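Novice: Pasting a structure below so you can have a look.
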Amino acid sequence: MTQIFFSAPGWDEYEPFLPAALRAAGISADIVTEAHDPAAIDYILYAPTSPLQDFAPFTRAKAVMSLWAGVERIVGNQSLTQPLTRMVDPGLTESMVEYVTGHVLRHHLGMDRHIVNPGRVWDHACPPIARQRPVTFLGLGELGLTCARALQALNFPVKGWSRSPKSIADLATFHGEAGLREALRDAQIVITLLPNTPDTQNILNADTLAMTAPGAVVINPGRGPLIDDAALIAALDAGQISHATLDVFRVEPLPQDHPFWAHPKVTITPHVAADTRAVTASQVIAENIRRAETGEPLLHLVDRIRGY
């Protein structure tokens, strides 16, 4: 029988779904929430908030499967020598598409001036149509590309940027440092969905924020360190950026004294853009364990050099 160690908060959320998903995949498994005998464990289901930090005793483990999409907090753990996978969950992707599309439309349509209108101003100014509002995605992974396709379906002209070259049908793509300026040029809405790596930290800084169209909007549901906080505040104060909707931060919860809280041009959401859903994540886990047991390649294997 396959031994699985669930080393993460939220077992009560997974308990109704994970055993059933494993059975459906043809896997006979014993799931434990405490590893009394690490050497007997075949798979570790993990979240970085787990107290488990030393993976060396798990000598039989065939893989560590993170329940989170981001792995920056564990990828550098030297004791974690087992194959590491990250979570690419259909439920997480769907919720990210909903968040991004909702906030893009909010800013595109100028909804705020009608939702909060204590002066009862009859402002008949109409927004442009979507095809007149250029959008740029920084990050073209599973989440970025799916969100980009959703906005394309609404007729937004979309560009995408990634660290390495990507050729994607019907999408203008740019890469590397040289392509970043072209990707951001004339962008009225910029959405960041990059992983947090040394190469992506502060990718939105004073220089790159100045490359956007004047009055652009920034939406960051990706990772907090992608943005230089002080540079963003300066760009907001100068009017180069008209609004920032931020879901992720360098420190979470966002400290009460952080200037983002008081800034009139910042919307804060408490890391709710996308979350792993136990019902769909259980199916991803079961499929990956089935693959490992039958010698097939693991899905969503982390590249330790790239960090994602």
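By order of appearance in the structure tokens: chains A, B, ..., then residues from 1 within every chain, and ligands from 1 in the order shown.
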Near segment 256-271 of chain A, within 10 Å and counting only C-alpha atoms, which residues show up once chain neighbours fewer than 3 positions away are dropped, as a PyMOL selection string?
Specialist: chain A and resi 217-219+221-224+229-230+232-233+236-237+239+241-249+251-253+274-275
Novice: Convert the current residue selection to file output with N, CA and C atoms, as a compact mmCIF listing (two decimals), in the first residue's frame.
Specialist:
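Okay, again-v4.txt is ready:
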# COMPACT_ATOMS: atom_id res chain seq x y z
N VAL A 217 -2.78 51.33 -15.40
CA VAL A 217 -3.21 50.63 -14.20
C VAL A 217 -2.32 49.40 -14.03
N VAL A 218 -1.93 49.11 -12.80
CA VAL A 218 -1.16 47.91 -12.47
C VAL A 218 -2.05 46.98 -11.66
N ILE A 219 -2.08 45.72 -12.05
CA ILE A 219 -2.80 44.69 -11.30
C ILE A 219 -1.80 43.59 -10.98
N PRO A 221 -1.66 40.11 -9.08
CA PRO A 221 -2.08 38.94 -8.32
C PRO A 221 -1.01 37.85 -8.31
N GLY A 222 0.22 38.22 -8.70
CA GLY A 222 1.30 37.23 -8.84
C GLY A 222 2.09 37.02 -7.56
N ARG A 223 3.10 37.87 -7.36
CA ARG A 223 3.95 37.79 -6.18
C ARG A 223 4.32 39.21 -5.74
N GLY A 224 4.34 39.43 -4.42
CA GLY A 224 4.62 40.76 -3.89
C GLY A 224 5.95 41.34 -4.33
N ASP A 229 7.92 48.65 -4.12
CA ASP A 229 6.82 49.38 -3.48
C ASP A 229 7.02 50.90 -3.54
N ALA A 230 8.20 51.36 -3.21
CA ALA A 230 8.45 52.81 -3.18
C ALA A 230 8.33 53.41 -4.58
N LEU A 232 6.46 52.27 -6.99
CA LEU A 232 5.04 52.29 -7.37
C LEU A 232 4.34 53.48 -6.73
N ILE A 233 4.61 53.74 -5.46
CA ILE A 233 3.97 54.89 -4.80
C ILE A 233 4.37 56.19 -5.48
N LEU A 236 2.45 56.47 -8.68
CA LEU A 236 1.05 56.83 -8.41
C LEU A 236 0.93 58.31 -8.07
N ASP A 237 1.84 58.81 -7.25
CA ASP A 237 1.80 60.22 -6.85
C ASP A 237 2.04 61.14 -8.05
N GLY A 239 1.22 60.40 -11.15
CA GLY A 239 0.19 60.22 -12.16
C GLY A 239 0.59 59.31 -13.30
N ILE A 241 1.13 56.17 -13.03
CA ILE A 241 0.22 55.07 -12.77
C ILE A 241 -1.02 55.65 -12.11
N SER A 242 -2.19 55.35 -12.67
CA SER A 242 -3.42 55.96 -12.12
C SER A 242 -4.02 55.14 -10.99
N HIS A 243 -3.75 53.82 -10.97
CA HIS A 243 -4.28 52.98 -9.90
C HIS A 243 -3.50 51.68 -9.87
N ALA A 244 -3.41 51.09 -8.70
CA ALA A 244 -2.80 49.77 -8.54
C ALA A 244 -3.73 48.90 -7.72
N THR A 245 -4.07 47.75 -8.26
CA THR A 245 -4.83 46.74 -7.52
C THR A 245 -3.86 45.63 -7.15
N LEU A 246 -3.66 45.42 -5.86
CA LEU A 246 -2.61 44.53 -5.37
C LEU A 246 -3.22 43.44 -4.49
N ASP A 247 -2.89 42.21 -4.81
CA ASP A 247 -3.41 41.07 -4.04
C ASP A 247 -2.32 40.38 -3.24
N VAL A 248 -1.05 40.65 -3.55
CA VAL A 248 0.08 39.97 -2.92
C VAL A 248 1.12 41.00 -2.50
N PHE A 249 1.85 40.67 -1.41
CA PHE A 249 2.74 41.65 -0.82
C PHE A 249 3.99 40.97 -0.28
N VAL A 251 5.24 41.26 2.65
CA VAL A 251 4.91 40.75 3.98
C VAL A 251 3.40 40.61 4.04
N GLU A 252 2.93 39.44 4.44
CA GLU A 252 1.49 39.20 4.56
C GLU A 252 1.16 38.62 5.92
N PRO A 253 0.08 39.10 6.55
CA PRO A 253 -0.78 40.20 6.13
C PRO A 253 0.01 41.51 5.98
N ALA A 274 -6.52 33.79 -6.16
CA ALA A 274 -6.60 32.37 -6.51
C ALA A 274 -6.10 31.56 -5.33
N ASP A 275 -6.75 30.45 -5.11
CA ASP A 275 -6.36 29.56 -4.02
C ASP A 275 -6.52 28.13 -4.50
Novice: Give me the residues within 8 Å of Ala40 of chain A as number ranges by chain, counting only C-alpha atoms and dropping any in the same chain fewer than 6 places off.
Specialist: A: 3, 58, 60-61
Novice: Those residues with all heavy atoms, as an mmCIF file, in the first residue's frame please?
Specialist:
data_model
loop_
_atom_site.group_PDB
_atom_site.id
_atom_site.type_symbol
_atom_site.label_atom_id
_atom_site.label_comp_id
_atom_site.auth_asym_id
_atom_site.auth_seq_id
_atom_site.Cartn_x
_atom_site.Cartn_y
_atom_site.Cartn_z
ATOM 1 N N GLN A 3 2.213 4.766 0.870
ATOM 2 C CA GLN A 3 2.190 5.582 2.086
ATOM 3 C C GLN A 3 2.338 7.057 1.714
ATOM 4 O O GLN A 3 3.331 7.447 1.097
ATOM 5 C CB GLN A 3 3.312 5.156 3.029
ATOM 6 C CG GLN A 3 3.250 3.705 3.471
ATOM 7 C CD GLN A 3 2.043 3.449 4.360
ATOM 8 O OE1 GLN A 3 1.802 4.164 5.341
ATOM 9 N NE2 GLN A 3 1.272 2.423 4.005
ATOM 10 N N PHE A 58 13.337 11.090 4.769
ATOM 11 C CA PHE A 58 12.338 10.471 3.899
ATOM 12 C C PHE A 58 13.047 9.797 2.721
ATOM 13 O O PHE A 58 12.934 10.215 1.565
ATOM 14 C CB PHE A 58 11.324 11.518 3.437
ATOM 15 C CG PHE A 58 10.506 12.079 4.557
ATOM 16 C CD1 PHE A 58 10.962 13.173 5.305
ATOM 17 C CD2 PHE A 58 9.284 11.511 4.905
ATOM 18 C CE1 PHE A 58 10.213 13.688 6.347
ATOM 19 C CE2 PHE A 58 8.528 12.023 5.952
ATOM 20 C CZ PHE A 58 8.999 13.108 6.690
ATOM 21 N N ARG A 60 12.687 7.012 1.210
ATOM 22 C CA ARG A 60 11.925 6.256 0.218
ATOM 23 C C ARG A 60 11.018 7.146 -0.625
ATOM 24 O O ARG A 60 10.447 6.694 -1.620
ATOM 25 C CB ARG A 60 11.087 5.187 0.926
ATOM 26 C CG ARG A 60 10.536 4.123 -0.031
ATOM 27 C CD ARG A 60 9.966 2.961 0.747
ATOM 28 N NE ARG A 60 8.498 3.022 0.807
ATOM 29 C CZ ARG A 60 7.764 2.067 1.353
ATOM 30 N NH1 ARG A 60 8.328 1.011 1.923
ATOM 31 N NH2 ARG A 60 6.444 2.163 1.365
ATOM 32 N N ALA A 61 10.900 8.396 -0.243
ATOM 33 C CA ALA A 61 9.946 9.280 -0.908
ATOM 34 C C ALA A 61 10.296 9.472 -2.377
ATOM 35 O O ALA A 61 11.423 9.826 -2.723
ATOM 36 C CB ALA A 61 9.892 10.627 -0.210
#
Novice: List every residue of segment 233-289 of chain A that has an atom at most 9 Å from any atom of segment 11-34 of chain A, giving for each one its closest atom pair and the distance in Å to one decimal, counting only C-alpha atoms, sorted by chain and then by ascending residue number, as CSV.
Specialist:
residue,atom,partner,partner_atom,distance
A:Arg277,CA,A:Glu13,CA,8.7
A:Ala278,CA,A:Tyr14,CA,5.3
A:Val279,CA,A:Phe17,CA,5.6
A:Thr280,CA,A:Phe17,CA,8.5
A:Ala281,CA,A:Leu18,CA,8.4
A:Ser282,CA,A:Leu18,CA,4.8
A:Gln283,CA,A:Ala21,CA,5.5
A:Val284,CA,A:Ala21,CA,8.8
A:Ile285,CA,A:Leu18,CA,8.0
A:Ala286,CA,A:Leu22,CA,5.0
A:Glu287,CA,A:Ala25,CA,6.7
A:Ile289,CA,A:Ile27,CA,8.1
Novice: Any chance you could export the current selection's N, CA and C atoms as a PDB file, in the first residue's frame?
Specialist:
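Output (part_6.pdb):
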ATOM      1  N   ARG A 277      -7.913  24.635  -4.649  1.00  0.00           N
ATOM      2  CA  ARG A 277      -9.206  24.072  -4.285  1.00  0.00           C
ATOM      3  C   ARG A 277      -9.036  22.578  -4.058  1.00  0.00           C
ATOM      4  N   ALA A 278      -9.400  22.119  -2.886  1.00  0.00           N
ATOM      5  CA  ALA A 278      -9.138  20.722  -2.532  1.00  0.00           C
ATOM      6  C   ALA A 278      -9.773  19.749  -3.498  1.00  0.00           C
ATOM      7  N   VAL A 279     -10.969  20.059  -3.983  1.00  0.00           N
ATOM      8  CA  VAL A 279     -11.683  19.112  -4.831  1.00  0.00           C
ATOM      9  C   VAL A 279     -10.953  18.891  -6.148  1.00  0.00           C
ATOM     10  N   THR A 280     -10.414  19.949  -6.746  1.00  0.00           N
ATOM     11  CA  THR A 280      -9.706  19.796  -8.019  1.00  0.00           C
ATOM     12  C   THR A 280      -8.236  19.448  -7.801  1.00  0.00           C
ATOM     13  N   ALA A 281      -7.628  19.993  -6.739  1.00  0.00           N
ATOM     14  CA  ALA A 281      -6.227  19.677  -6.456  1.00  0.00           C
ATOM     15  C   ALA A 281      -6.050  18.199  -6.146  1.00  0.00           C
ATOM     16  N   SER A 282      -7.041  17.588  -5.512  1.00  0.00           N
ATOM     17  CA  SER A 282      -6.956  16.158  -5.200  1.00  0.00           C
ATOM     18  C   SER A 282      -6.818  15.331  -6.470  1.00  0.00           C
ATOM     19  N   GLN A 283      -7.486  15.738  -7.520  1.00  0.00           N
ATOM     20  CA  GLN A 283      -7.395  15.023  -8.790  1.00  0.00           C
ATOM     21  C   GLN A 283      -6.012  15.181  -9.407  1.00  0.00           C
ATOM     22  N   VAL A 284      -5.421  16.377  -9.267  1.00  0.00           N
ATOM     23  CA  VAL A 284      -4.062  16.604  -9.770  1.00  0.00           C
ATOM     24  C   VAL A 284      -3.069  15.724  -9.011  1.00  0.00           C
ATOM     25  N   ILE A 285      -3.204  15.678  -7.694  1.00  0.00           N
ATOM     26  CA  ILE A 285      -2.312  14.858  -6.867  1.00  0.00           C
ATOM     27  C   ILE A 285      -2.434  13.385  -7.235  1.00  0.00           C
ATOM     28  N   ALA A 286      -3.663  12.903  -7.359  1.00  0.00           N
ATOM     29  CA  ALA A 286      -3.873  11.493  -7.675  1.00  0.00           C
ATOM     30  C   ALA A 286      -3.273  11.133  -9.031  1.00  0.00           C
ATOM     31  N   GLU A 287      -3.421  12.010  -9.995  1.00  0.00           N
ATOM     32  CA  GLU A 287      -2.851  11.739 -11.318  1.00  0.00           C
ATOM     33  C   GLU A 287      -1.332  11.706 -11.262  1.00  0.00           C
ATOM     34  N   ILE A 289       0.573  10.934  -8.660  1.00  0.00           N
ATOM     35  CA  ILE A 289       0.999   9.705  -7.977  1.00  0.00           C
ATOM     36  C   ILE A 289       0.819   8.501  -8.905  1.00  0.00           C
TER      37      ILE A 289
END
Novice: Just asking: which residues within segment 51-204 of chain A are strand (DSSP E or B) according to DSSP, as an NGL selection string?
Specialist: :A and (63-66 or 84-85 or 135-138 or 158-162 or 172-175 or 189-192 or 204)
Novice: Using only C-alpha atoms, I'd like a table of the residues in segment 6-105 of chain A that come within 10 Å of segment 151-172 of chain A; for each, show the closest atom pair and its distance in Å rounded to one decimal, ordered by chain and ascending number, as a tab-separated table.
Specialist:
residue	atom	partner	partner_atom	distance
A:Val97	CA	A:Leu151	CA	9.0
A:Val100	CA	A:Leu151	CA	8.9
A:Thr101	CA	A:Leu151	CA	6.8
A:Val104	CA	A:Leu151	CA	8.6
A:Leu105	CA	A:Leu151	CA	9.4
Novice: Give me the residues within 7 Å of Tyr46 of chain A as a ChimeraX atom specification, counting only C-alpha atoms and dropping any in the same chain fewer than 6 places off.
Specialist: /A:6-8,64-67
Novice: Store the residues of this selection in a file with N, CA and C atoms, as a PDB file, in the first residue's frame.
Specialist:
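Wrote it out as result05.pdb, contents follow:
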ATOM      1  N   PHE A   6       0.595  13.650   4.507  1.00  0.00           N
ATOM      2  CA  PHE A   6      -0.030  14.959   4.260  1.00  0.00           C
ATOM      3  C   PHE A   6       0.559  15.946   5.251  1.00  0.00           C
ATOM      4  N   SER A   7       1.559  16.700   4.809  1.00  0.00           N
ATOM      5  CA  SER A   7       2.271  17.633   5.689  1.00  0.00           C
ATOM      6  C   SER A   7       1.910  19.060   5.313  1.00  0.00           C
ATOM      7  N   ALA A   8       0.685  19.437   5.630  1.00  0.00           N
ATOM      8  CA  ALA A   8       0.184  20.764   5.268  1.00  0.00           C
ATOM      9  C   ALA A   8      -1.044  21.064   6.111  1.00  0.00           C
ATOM     10  N   VAL A  64       8.032  15.055  -3.617  1.00  0.00           N
ATOM     11  CA  VAL A  64       7.377  16.000  -2.721  1.00  0.00           C
ATOM     12  C   VAL A  64       6.463  16.841  -3.600  1.00  0.00           C
ATOM     13  N   MET A  65       5.182  16.842  -3.298  1.00  0.00           N
ATOM     14  CA  MET A  65       4.197  17.524  -4.125  1.00  0.00           C
ATOM     15  C   MET A  65       3.631  18.708  -3.367  1.00  0.00           C
ATOM     16  N   SER A  66       4.025  19.903  -3.798  1.00  0.00           N
ATOM     17  CA  SER A  66       3.551  21.100  -3.126  1.00  0.00           C
ATOM     18  C   SER A  66       2.096  21.354  -3.469  1.00  0.00           C
ATOM     19  N   LEU A  67       1.329  21.778  -2.484  1.00  0.00           N
ATOM     20  CA  LEU A  67      -0.067  22.139  -2.684  1.00  0.00           C
ATOM     21  C   LEU A  67      -0.209  23.600  -3.105  1.00  0.00           C
TER      22      LEU A  67
END
Novice: Neighbouring residues of segment 192-195 of chain A were defined as those with any atom within 10 Å, considering only C-alpha atoms; residues of the same chain fewer than 2 positions away were excluded. Please report them as number ranges by chain.
Specialist: A: 69-72, 96, 136-145, 147, 161-163, 190, 197-201, 203-204, 218-227, 246, 306-308
Novice: So which one's closest to Ser50 of chain A, A:Pro297, A:Pro128, A:Glu94, A:Phe5? Using only C-alpha atoms, please.
Specialist: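 That would be A:Phe5, the residue with the smallest distance to Ser50 of chain A.
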Novice: Measuring atom to atom with only C-alpha atoms, identify which of A:Leu52, A:His124, A:Asp228, A:Ile4 is nearest to Arg250 of chain A.
Specialist: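 Nearest to Arg250 of chain A: A:Asp228.
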Novice: With only C-alpha atoms as the atoms that count, which of A:His107, A:Arg131, A:His36, A:Arg86 lies nearest to Asn288 of chain A?
Specialist: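 Among the listed residues, the smallest separation from Asn288 of chain A belongs to A:Arg86.
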Novice: Could you work out how far atom CA of Ile305 of chain A lies from atom CA of Pro9 of chain A, giving the answer in Å with one decimal?
Specialist: 27.7 Å
Novice: To one decimal place, how far is atom CA of Thr212 of chain A from atom CA of Ala130 of chain A in Å?
Specialist: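 Straight-line distance from atom CA of Thr212 of chain A to atom CA of Ala130 of chain A works out to 17.5 Å.
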Novice: With only C-alpha atoms as the basis for distance, which of A:Val88, A:Ser95, A:Pro38, A:Pro48 is at the shortest distance from Leu301 of chain A?
Specialist: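 Nearest to Leu301 of chain A: A:Val88.
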Novice: Do you know which residues are at most 9 Å from Leu209 of chain A counting only C-alpha atoms, after dropping those on the same chain fewer than 2 positions away, and could you put them as a list in words?
Specialist: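 These residues fall inside the cut-off: Leu184, Leu204, Asn205, Ala206, Asp207, Met211, Thr212, Ala213, Ala216, Ala231, Leu232, Ala235, Gln240 and Ile241 of chain A.
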Novice: Keeping only C-alpha atoms, write the selected residues to a file as a PDB file, in the first residue's frame.
Specialist:
ATOM      1  CA  LEU A 184       5.241  47.650 -21.773  1.00  0.00           C
ATOM      2  CA  LEU A 204       8.169  46.793 -11.992  1.00  0.00           C
ATOM      3  CA  ASN A 205      10.416  49.600 -10.830  1.00  0.00           C
ATOM      4  CA  ALA A 206      10.879  53.298 -11.545  1.00  0.00           C
ATOM      5  CA  ASP A 207      12.303  52.630 -15.002  1.00  0.00           C
ATOM      6  CA  MET A 211       7.610  52.659 -19.966  1.00  0.00           C
ATOM      7  CA  THR A 212       3.838  52.221 -19.693  1.00  0.00           C
ATOM      8  CA  ALA A 213       1.232  54.568 -21.104  1.00  0.00           C
ATOM      9  CA  ALA A 216      -1.735  53.053 -16.721  1.00  0.00           C
ATOM     10  CA  ALA A 231       8.707  53.176  -6.963  1.00  0.00           C
ATOM     11  CA  LEU A 232       5.042  52.289  -7.369  1.00  0.00           C
ATOM     12  CA  ALA A 235       4.553  56.613  -9.910  1.00  0.00           C
ATOM     13  CA  GLN A 240       2.227  57.895 -14.364  1.00  0.00           C
ATOM     14  CA  ILE A 241       0.221  55.066 -12.774  1.00  0.00           C
TER      15      ILE A 241
END
Novice: DSSP on the backbone: which residues in segment 54-257 of chain A end up as alpha helix (DSSP H)? Give the answer as a ChimeraX atom specification.
Specialist: /A:90-109,112-115,142-153,176-184,206-209,229-238
Novice: For a quick check of understanding, using only C-alpha atoms, which of A:Ala125, A:Gly102, A:Gly119, A:Ile41 has the smallest distance to Lys62 of chain A?
Specialist: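 Going through A:Ala125, A:Gly102, A:Gly119, A:Ile41 one by one, the smallest distance to Lys62 of chain A is for A:Ile41.
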